[in-house]
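Notes for the one structure printed next.
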Amino acid sequence: MATLAGTIALVRDALKKYARPALGAEILIYTKSVRREDDWWYVPVYPSKEIDRVYEYYDILAKAEEELQQNDQKIALVPVRPKG
């Protein structure tokens, strides 16, 4: 069973793997809002700043999530709006 810290590390690694400089922003994790329900981890993510190429942002999230799930991780990336 995955731990909170382990899940966050896996997500960070997957997001870094698919990061694109053209996006112009880093994808961050709301670590305090990561939660587990049954066998699934729900990981809220958001861009570090407003981005113009939103389609690229969602493509990165989709590829990272697909990789995580192919490795038998039950992790869903949940795009959220940054607070403030």
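For the structure tokens, the naming scheme is as follows: chains receive sequential letters (A, B, ...) according to their order of presentation, residues are indexed from 1 within each chain, and ligands are indexed from 1 in presentation order.
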### Message
What's around Arg35 of chain A at 12 Å? Count only C-alpha atoms, leave out sequence neighbours fewer than 5 positions away in its own chain, and write the answer as a list in words.
### Response
Ala2, Thr3, Leu4, Ala5, Thr7, Ile8, Ile29, Tyr30, Trp40, Trp41, Tyr42, Val43, Pro44, Lys74, Ile75, Ala76, Leu77 and Val78 of chain A
### Task
Can you list, as number ranges by chain, all residues belonging to chain A that DSSP tags as alpha helix (DSSP H)?
A: 4-18, 54-70
### Message
DSSP on the backbone, strand (DSSP E or B) only: what residues of chain A does that give? Format it as a ChimeraX atom specification.
### Response
/A:27-29,35-37,40-47,75-79
Store the residues picked out above, limited to C-alpha atoms, as a CSV table (one decimal), in the first residue's frame.
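Output file result-v6.csv follows:
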```
chain,number,residue,atom,x,y,z
A,27,ILE,CA,3.0,21.9,-12.3
A,28,LEU,CA,2.7,21.9,-8.6
A,29,ILE,CA,0.9,19.7,-6.1
A,35,ARG,CA,-6.4,12.3,-0.2
A,36,ARG,CA,-7.0,8.6,-0.4
A,37,GLU,CA,-10.5,7.1,-1.0
A,40,TRP,CA,-7.3,5.5,-5.1
A,41,TRP,CA,-5.1,8.5,-4.4
A,42,TYR,CA,-6.5,11.9,-5.5
A,43,VAL,CA,-3.7,14.4,-6.1
A,44,PRO,CA,-4.7,18.0,-6.8
A,45,VAL,CA,-2.3,19.8,-9.2
A,46,TYR,CA,-2.1,23.3,-10.6
A,47,PRO,CA,0.2,25.4,-12.8
A,75,ILE,CA,-3.6,7.7,-8.7
A,76,ALA,CA,-5.8,10.4,-10.3
A,77,LEU,CA,-4.5,13.8,-11.0
A,78,VAL,CA,-7.1,16.5,-10.2
A,79,PRO,CA,-6.6,19.9,-11.9
```
### d(atom CA of Gln69 of chain A, atom CA of Asp52 of chain A) in Å
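So the answer is 27.8 Å.
Of the listed residues A:Arg81, A:Tyr55, A:Gln73, A:Ala64, the one whose atoms come nearest to Ala22 of chain A is A:Tyr55, with distances taken using only C-alpha atoms.
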### Task
Work out how far atom CA of Lys17 of chain A is from atom CA of Asp38 of chain A, in Å to one decimal.
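Atom-to-atom, atom CA of Asp38 of chain A to atom CA of Lys17 of chain A, that is 27.5 Å.
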### Message
Between atom CA of Tyr58 of chain A and atom CA of Asp39 of chain A, what is the distance in Å, rounded to a tenth?
### Response
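About the pair atom CA of Tyr58 of chain A and atom CA of Asp39 of chain A: they are 23.9 Å apart.
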### Task
Would you kindly return, as a list in words, each protein, DNA or RNA residue with an atom no farther than 12 Å from any atom of Pro21 of chain A, considering only C-alpha atoms and excluding same-chain residues fewer than 4 positions away?
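After dropping sequence-adjacent residues, the list is Lys16, Lys17, Ala25, Glu26, Ile27, Ile51, Arg53, Glu56, Tyr57 and Ile60 of chain A.
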Any chance you could export the current selection's C-alpha atoms as a compact mmCIF listing (two decimals), in the first residue's frame?
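Full text of result33.txt as output:
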```txt
# COMPACT_ATOMS: atom_id res chain seq x y z
CA LYS A 16 8.90 16.18 -14.31
CA LYS A 17 9.26 13.50 -16.96
CA ALA A 25 5.05 27.06 -15.81
CA GLU A 26 5.80 24.31 -13.35
CA ILE A 27 3.02 21.93 -12.34
CA ILE A 51 -0.62 29.58 -18.90
CA ARG A 53 -1.33 26.78 -23.79
CA GLU A 56 -0.41 21.33 -23.29
CA TYR A 57 -1.04 21.43 -19.54
CA ILE A 60 1.06 16.59 -19.60
```
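Of the listed residues (A:Gly6, A:Leu23, A:Tyr18, A:Ser48), A:Tyr18 comes nearest to Lys63 of chain A; the distances count only C-alpha atoms.
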### Query
With only C-alpha atoms as the basis for distance, which of A:Gly24, A:Lys32, A:Leu68, A:Pro82 is at the shortest distance from Val11 of chain A?
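Checking each of A:Gly24, A:Lys32, A:Leu68, A:Pro82 against Val11 of chain A, counting only C-alpha atoms, the winner is A:Leu68.
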